[in-house]
>>> print(open('work-v7.cif').read())   # mmCIF, C-alpha atoms
data_upload
loop_
_atom_site.label_atom_id
_atom_site.label_comp_id
_atom_site.auth_asym_id
_atom_site.auth_seq_id
_atom_site.Cartn_x
_atom_site.Cartn_y
_atom_site.Cartn_z
CA MET A 14 0.00 0.00 0.00
CA ASP A 15 1.32 3.44 -0.90
CA LEU A 16 1.00 5.56 2.21
CA SER A 17 2.56 8.99 2.47
CA PRO A 18 3.91 9.99 4.89
CA ASP A 19 5.43 6.79 6.22
CA TYR A 20 4.07 6.05 9.68
CA PRO A 21 6.33 3.43 11.33
CA SER A 22 3.42 1.19 12.32
CA GLN A 23 2.36 0.83 8.70
CA ARG A 24 5.47 -1.14 7.86
CA PHE A 25 3.95 -4.04 9.78
CA SER A 26 0.22 -3.34 10.01
CA ARG A 27 -2.68 -2.74 7.64
CA THR A 28 -4.71 -0.78 10.17
CA PRO A 29 -4.00 2.41 12.14
CA PRO A 30 -2.79 2.09 15.75
CA ALA A 31 -5.58 1.84 18.30
CA PRO A 32 -6.74 3.47 20.42
CA MET A 33 -5.83 7.03 19.49
CA LEU A 34 -5.68 10.04 21.80
CA LEU A 35 -7.51 13.12 20.50
CA ASP A 36 -5.62 16.38 20.78
CA THR A 37 -7.52 19.55 21.63
CA CYS A 38 -7.96 20.61 18.00
CA ALA A 39 -9.42 17.22 17.11
CA VAL A 40 -11.83 17.37 20.07
CA GLN A 41 -13.14 20.75 18.92
CA HIS A 42 -13.32 19.83 15.25
CA LEU A 43 -15.04 16.52 15.96
CA ASP A 44 -17.74 18.45 17.80
CA THR A 45 -18.04 20.79 14.82
CA VAL A 46 -18.47 18.09 12.19
CA LEU A 47 -20.81 15.94 14.29
CA THR A 48 -23.02 18.97 14.86
CA LEU A 49 -23.14 19.46 11.09
CA CYS A 50 -23.77 15.76 10.48
CA GLY A 51 -26.67 15.50 12.92
CA ASP A 52 -28.05 12.11 13.84
CA GLY A 53 -27.23 10.71 10.40
CA ARG A 54 -23.49 11.10 11.13
CA GLN A 55 -22.76 11.82 7.50
CA LEU A 56 -21.95 15.08 5.78
CA ASP A 57 -23.86 15.77 2.61
CA GLU A 58 -21.98 17.15 -0.38
CA GLU A 59 -23.05 20.73 0.29
CA CYS A 60 -21.82 20.63 3.91
CA ALA A 61 -18.53 19.12 2.77
CA ARG A 62 -18.06 21.88 0.19
CA ASN A 63 -18.88 24.51 2.81
CA LEU A 64 -16.29 23.09 5.18
CA VAL A 65 -13.61 23.22 2.52
CA ALA A 66 -14.66 26.75 1.52
CA ARG A 67 -14.62 27.96 5.13
CA TYR A 68 -11.48 26.24 6.41
CA GLY A 69 -9.45 25.95 3.22
CA PRO A 70 -8.52 22.87 1.17
CA ASP A 71 -6.09 21.38 3.70
CA LEU A 72 -7.96 21.71 7.00
CA GLY A 73 -11.31 21.37 5.24
CA ALA A 74 -10.28 17.99 3.87
CA GLU A 75 -9.30 16.85 7.38
CA LEU A 76 -12.68 17.87 8.79
CA VAL A 77 -14.52 16.02 6.04
CA ALA A 78 -12.35 12.96 6.75
CA LEU A 79 -13.11 13.29 10.48
CA ALA A 80 -16.82 13.16 9.71
CA ASP A 81 -16.33 10.15 7.43
CA LEU A 82 -14.31 8.39 10.13
CA SER A 83 -17.03 9.00 12.69
CA ARG A 84 -19.57 7.42 10.35
CA LEU A 85 -17.24 4.55 9.41
CA LEU A 86 -16.28 3.66 12.97
CA GLY A 87 -19.48 4.66 14.72
CA TYR A 88 -19.46 3.57 18.33
CA ASN A 89 -18.21 0.09 17.52
CA GLY A 90 -14.74 0.90 16.22
CA PRO A 91 -11.54 1.67 18.11
CA PRO A 92 -12.44 4.41 20.60
CA TRP A 93 -10.79 7.79 20.73
CA ALA A 94 -9.48 8.71 24.15
CA VAL A 95 -9.16 12.16 25.68
CA SER A 96 -6.88 13.37 28.45
CA GLU A 97 -7.04 16.12 31.03
CA THR A 98 -4.62 18.17 28.94
CA SER A 99 -7.34 18.88 26.40
CA LEU A 100 -9.77 19.55 29.25
CA PHE A 101 -7.39 22.19 30.62
CA GLU A 102 -7.11 23.83 27.21
CA LEU A 103 -10.86 23.76 26.57
CA GLU A 104 -11.45 25.43 29.93
CA GLN A 105 -9.81 28.52 28.45
CA VAL A 106 -12.70 28.91 25.96
CA ASN A 107 -15.27 31.35 27.33
CA GLY A 108 -19.01 31.63 27.05
CA ALA A 109 -21.55 29.21 25.65
CA ARG A 110 -19.06 27.70 23.23
CA GLY A 111 -16.70 26.88 26.07
CA ALA A 112 -19.46 25.28 28.14
CA ALA A 113 -20.59 23.19 25.15
CA LEU A 114 -17.03 21.97 24.53
CA LEU A 115 -16.61 20.97 28.16
CA ARG A 116 -19.81 18.90 27.94
CA TRP A 117 -18.52 17.34 24.73
CA TRP A 118 -15.18 16.51 26.37
CA SER A 119 -17.08 14.88 29.24
CA ASP A 120 -19.09 12.77 26.77
CA LEU A 121 -15.87 11.58 25.12
CA TRP A 122 -14.25 10.89 28.50
CA HIS A 123 -17.15 8.75 29.68
CA TYR A 124 -17.35 6.93 26.37
CA TRP A 125 -13.65 6.12 26.48
CA HIS A 126 -13.95 4.78 30.02
CA SER A 127 -16.82 2.54 28.91
CA CYS A 128 -14.39 0.94 26.42
CA GLN A 129 -11.47 0.35 28.81
CA GLU A 130 -12.12 -3.37 29.14
CA PHE A 131 -11.26 -3.82 25.46
CA PHE A 132 -7.83 -2.24 25.98
CA PRO A 133 -6.46 -3.70 29.22
CA GLU A 134 -2.95 -2.65 28.21
CA ILE A 135 -3.85 1.05 28.51
CA ASP A 136 -3.14 2.72 31.85
CA CYS A 137 -5.95 5.26 32.06
CA SER A 138 -4.38 6.97 35.07
CA GLY A 139 -1.83 8.34 32.62
CA LEU A 140 -4.53 10.47 31.02
CA GLY A 141 -4.80 12.61 34.15
CA TRP A 142 -2.38 15.31 35.22
CA PRO A 143 0.60 14.04 37.25
CA GLN A 144 -0.01 14.67 40.94
CA PRO A 145 2.63 15.23 43.64
CA ASP A 146 3.29 12.04 45.59
CA VAL A 147 3.32 12.93 49.27
CA SER A 148 3.08 10.45 52.11
CA SER A 149 -0.07 10.79 54.19
CA SER A 150 2.12 10.89 57.30
CA GLN A 151 4.11 13.85 56.00
CA LEU A 152 3.17 17.28 57.28
CA ALA A 153 2.80 19.65 54.35
CA LEU A 154 3.98 23.09 55.42
CA PHE A 155 2.89 24.65 52.14
CA LYS A 156 0.48 23.84 49.35
CA LEU A 157 1.80 21.47 46.69
CA GLU A 158 0.51 22.14 43.19
CA ALA A 159 -0.03 19.48 40.56
CA ALA A 160 2.36 19.55 37.63
CA VAL A 161 1.46 22.26 35.16
CA PRO A 162 0.21 20.68 31.93
CA GLY A 163 2.76 21.10 29.19
CA HIS A 164 5.66 22.16 31.40
CA ALA A 165 9.01 21.01 30.10
CA ALA A 166 12.49 21.84 31.33
CA PRO A 167 14.85 23.22 28.65
CA ASP A 168 16.91 20.03 28.68
CA GLU A 169 13.91 17.68 28.56
CA PRO A 170 13.83 15.66 25.32
CA LEU A 171 10.25 16.68 24.58
CA ALA A 172 11.32 20.32 24.67
CA LEU A 173 12.03 19.89 20.96
CA LEU A 174 8.28 20.39 20.51
CA PRO A 175 7.69 24.14 20.68
CA ASP A 176 4.07 23.96 21.88
CA VAL A 177 3.52 23.12 25.55
CA GLY A 178 0.17 21.50 24.81
CA ASP A 179 1.79 19.19 22.26
CA ARG A 180 4.41 18.15 24.82
CA ALA A 181 1.74 17.47 27.41
CA LEU A 182 -0.30 15.32 25.01
CA VAL A 183 2.75 13.26 24.02
CA ARG A 184 3.53 12.68 27.70
CA ASP A 185 -0.11 11.69 28.30
CA ALA A 186 0.12 9.12 25.51
CA ILE A 187 3.44 7.78 26.81
CA ARG A 188 2.19 7.45 30.39
CA ALA A 189 -1.06 5.79 29.31
CA GLY A 190 0.55 3.51 26.73
CA ILE A 191 -1.57 4.89 23.88
CA PRO A 192 0.31 4.40 20.61
CA ALA A 193 -0.97 7.33 18.56
CA ILE A 194 -2.48 10.82 18.68
CA LEU A 195 -5.09 12.08 16.22
CA THR A 196 -4.78 15.74 15.32
CA THR A 197 -6.21 18.27 12.89
CA ASP A 198 -3.34 20.67 13.70
CA LEU A 199 -1.37 20.28 10.47
CA ARG A 200 0.91 23.30 10.81
CA SER A 201 2.37 22.48 14.21
CA PHE A 202 1.66 19.11 15.78
CA TRP A 203 1.36 16.89 12.70
CA SER A 204 4.23 18.64 10.93
CA ARG A 205 6.53 17.67 13.83
CA ARG A 206 5.41 14.02 13.89
CA ARG A 207 8.79 12.61 12.88
CA ASP A 208 10.37 14.21 15.97
CA ILE A 209 8.01 12.10 18.10
CA TYR A 210 8.52 8.70 16.45
CA SER A 211 11.49 7.90 18.69
CA TYR A 212 9.18 7.99 21.73
CA GLY A 213 7.01 5.24 20.26
CA ILE A 214 4.14 7.66 19.59
CA GLU A 215 2.70 8.44 16.17
CA VAL A 216 0.76 11.61 15.30
CA TRP A 217 -1.86 10.97 12.60
CA ARG A 218 -4.13 13.24 10.60
CA PRO A 219 -7.72 12.14 9.84
CA THR A 220 -7.22 11.81 6.07
CA ASP A 221 -4.50 9.20 6.58
CA VAL A 222 -6.52 7.28 9.16
CA LEU A 223 -9.48 7.20 6.79
CA ARG A 224 -7.32 6.13 3.85
CA VAL A 225 -5.86 3.18 5.75
CA TYR A 226 -9.24 1.98 7.03
CA GLN A 227 -10.76 2.25 3.56
CA ALA A 228 -7.87 0.28 2.06
CA GLU A 229 -8.30 -2.41 4.71
CA ILE A 230 -12.04 -2.62 4.07
CA ALA A 231 -11.46 -2.84 0.31
CA GLY A 232 -8.83 -5.56 0.81
CA THR A 233 -11.12 -7.56 3.08
CA ALA A 234 -14.00 -7.34 0.62
CA ALA A 235 -11.84 -8.36 -2.34
#
>>> encode(input="work-v7.cif", output="structure tokens")
Amino acid sequence: MDLSPDYPSQRFSRTPPAPMLLDTCAVQHLDTVLTLCGDGRQLDEECARNLVARYGPDLGAELVALADLSRLLGYNGPPWAVSETSLFELEQVNGARGAALLRWWSDLWHYWHSCQEFFPEIDCSGLGWPQPDVSSSQLALFKLEAAVPGHAAPDEPLALLPDVGDRALVRDAIRAGIPAILTTDLRSFWSRRRDIYSYGIEVWRPTDVLRVYQAEIAGTAA
């Protein structure tokens, strides 16, 4: 199969890694396309054209693919996980839109947890923020804060990623044992994917995920 770019897992597998962790952009865009799809979970041609016209040919194509993936996988395919890093970032969105996104994140969180039994190798505690480990017998003379999402020391290997949210999501995936992250952020996160391969984490865009699943379905039907 001709797949460009070359994701390491595709040298040995005909399907994308599963499960995938949604980054914050993917969480927001998934909400956008599912709202457009409605209960039918499928974009009509006019909606697809409007997405491309509004977001441009590159991002628009990813949003259309995200809608197609949602329809293809439904609620029976490999689930998409979310972590508290995206929750923290969505909390920065104000007003009704922010409240709606927080409800959407909660829906995804609960759905993922309903699927945990199918992925016993995933450590879901890794999807939460790291907490300070203090013995209950120790007297805390001052308040200890949880680790700030996205913080990275200058000499930390993940500091090669310029965005703190990207670093936090990669660490979430590493801690949880999730093999891949799904993003619609093509200019930053996905463009730096090769820097992350050495950590055993792949960063996929929706168009590539859809292409691989469609090729697998076509091969199975042949």
>>> closest_residue(input="work-v7.cif", among="A:Leu140, A:Ala186, A:Ile230, A:Leu199", to="Ala31 in chain A", atoms="all atoms listed in the file")
A:Ala186
>>> residues_near_point(input="work-v7.cif", point="(-6.2, 9.0, 6.9)", cutoff="10 Å", atoms="all atoms listed in the file", output="PyMOL selection string")
chain A and resi 16-17+29+75+78-79+82+195+217-227
>>> write_last_selection(input="work-v7.cif", atoms="C-alpha atoms", output="compact mmCIF listing (two decimals), in the frame of the given file")
# COMPACT_ATOMS: atom_id res chain seq x y z
CA LEU A 16 1.00 5.56 2.21
CA SER A 17 2.56 8.99 2.47
CA PRO A 29 -4.00 2.41 12.14
CA GLU A 75 -9.30 16.85 7.38
CA ALA A 78 -12.35 12.96 6.75
CA LEU A 79 -13.11 13.29 10.48
CA LEU A 82 -14.31 8.39 10.13
CA LEU A 195 -5.09 12.08 16.22
CA TRP A 217 -1.86 10.97 12.60
CA ARG A 218 -4.13 13.24 10.60
CA PRO A 219 -7.72 12.14 9.84
CA THR A 220 -7.22 11.81 6.07
CA ASP A 221 -4.50 9.20 6.58
CA VAL A 222 -6.52 7.28 9.16
CA LEU A 223 -9.48 7.20 6.79
CA ARG A 224 -7.32 6.13 3.85
CA VAL A 225 -5.86 3.18 5.75
CA TYR A 226 -9.24 1.98 7.03
CA GLN A 227 -10.76 2.25 3.56
>>> atom_distance(input="work-v7.cif", atom1="CA of Ala61 in chain A", atom2="CA of Gly87 in chain A")
18.8 Å
>>> resolve_selection(input="work-v7.cif", expression="the PyMOL selection byres ((chain A and resi 214) around 8)", output="compact mmCIF listing (two decimals) with C-alpha atoms, in the frame of the given file")
# COMPACT_ATOMS: atom_id res chain seq x y z
CA VAL A 183 2.75 13.26 24.02
CA ALA A 186 0.12 9.12 25.51
CA ILE A 187 3.44 7.78 26.81
CA ILE A 191 -1.57 4.89 23.88
CA PRO A 192 0.31 4.40 20.61
CA ALA A 193 -0.97 7.33 18.56
CA ILE A 194 -2.48 10.82 18.68
CA ILE A 209 8.01 12.10 18.10
CA TYR A 210 8.52 8.70 16.45
CA SER A 211 11.49 7.90 18.69
CA TYR A 212 9.18 7.99 21.73
CA GLY A 213 7.01 5.24 20.26
CA GLU A 215 2.70 8.44 16.17
CA VAL A 216 0.76 11.61 15.30
>>> residues_around(input="work-v7.cif", residues="range 134-139 of chain A", least_positions_apart="5", cutoff="12 Å", atoms="all atoms listed in the file", output="ChimeraX atom specification")
/A:31-34,94-98,122-123,125-129,144,181-192
>>> closest_residue(input="work-v7.cif", among="A:Thr196, A:Glu59, A:Ala231, A:Arg205", to="Leu72 in chain A", atoms="all atoms listed in the file")
A:Thr196
>>> atom_distance(input="work-v7.cif", atom1="CA of Tyr68 in chain A", atom2="CA of Ser201 in chain A")
16.3 Å
>>> closest_residue(input="work-v7.cif", among="A:Glu104, A:Cys50, A:Thr45, A:Arg67", to="Asp81 in chain A", atoms="only C-alpha atoms")
A:Cys50
>>> atom_distance(input="work-v7.cif", atom1="CA of Asp176 in chain A", atom2="CA of Leu100 in chain A")
16.3 Å
>>> closest_residue(input="work-v7.cif", among="A:Thr197, A:Asn63, A:Thr28, A:Ser22", to="Ala228 in chain A", atoms="all atoms listed in the file")
A:Thr28
>>> resolve_selection(input="work-v7.cif", expression="the PyMOL selection byres ((chain A and resi 36-38) around 6)", output="list of chain:residue names")
A:Leu35, A:Ala39, A:Val40, A:Gln41, A:Ser99, A:Thr196, A:Thr197
>>> closest_residue(input="work-v7.cif", among="A:Ala80, A:Leu86, A:Leu115, A:Ala74", to="Arg62 in chain A", atoms="all atoms listed in the file")
A:Ala74
>>> decode(input="work-v7.cif", residues="range 90-102 of chain A", atoms="N, CA and C atoms", output="CSV table (one decimal), in the first residue's frame")
chain,number,residue,atom,x,y,z
A,90,GLY,N,-16.1,1.0,16.6
A,90,GLY,CA,-14.7,0.9,16.2
A,90,GLY,C,-13.8,1.2,17.4
A,91,PRO,N,-12.5,1.3,17.1
A,91,PRO,CA,-11.5,1.7,18.1
A,91,PRO,C,-11.9,3.0,18.7
A,92,PRO,N,-12.0,3.1,20.0
A,92,PRO,CA,-12.4,4.4,20.6
A,92,PRO,C,-11.3,5.4,20.6
A,93,TRP,N,-11.7,6.7,20.6
A,93,TRP,CA,-10.8,7.8,20.7
A,93,TRP,C,-10.8,8.3,22.2
A,94,ALA,N,-9.6,8.3,22.8
A,94,ALA,CA,-9.5,8.7,24.2
A,94,ALA,C,-9.2,10.2,24.2
A,95,VAL,N,-9.5,10.8,25.4
A,95,VAL,CA,-9.2,12.2,25.7
A,95,VAL,C,-8.4,12.2,27.0
A,96,SER,N,-7.6,13.2,27.2
A,96,SER,CA,-6.9,13.4,28.5
A,96,SER,C,-7.2,14.7,29.1
A,97,GLU,N,-6.7,14.9,30.3
A,97,GLU,CA,-7.0,16.1,31.0
A,97,GLU,C,-6.3,17.3,30.5
A,98,THR,N,-5.3,17.1,29.6
A,98,THR,CA,-4.6,18.2,28.9
A,98,THR,C,-5.6,18.9,28.0
A,99,SER,N,-6.4,18.2,27.3
A,99,SER,CA,-7.3,18.9,26.4
A,99,SER,C,-8.4,19.5,27.2
A,100,LEU,N,-8.8,18.9,28.4
A,100,LEU,CA,-9.8,19.5,29.2
A,100,LEU,C,-9.3,20.9,29.7
A,101,PHE,N,-8.0,20.9,30.2
A,101,PHE,CA,-7.4,22.2,30.6
A,101,PHE,C,-7.4,23.2,29.5
A,102,GLU,N,-7.1,22.9,28.3
A,102,GLU,CA,-7.1,23.8,27.2
A,102,GLU,C,-8.5,24.3,26.8
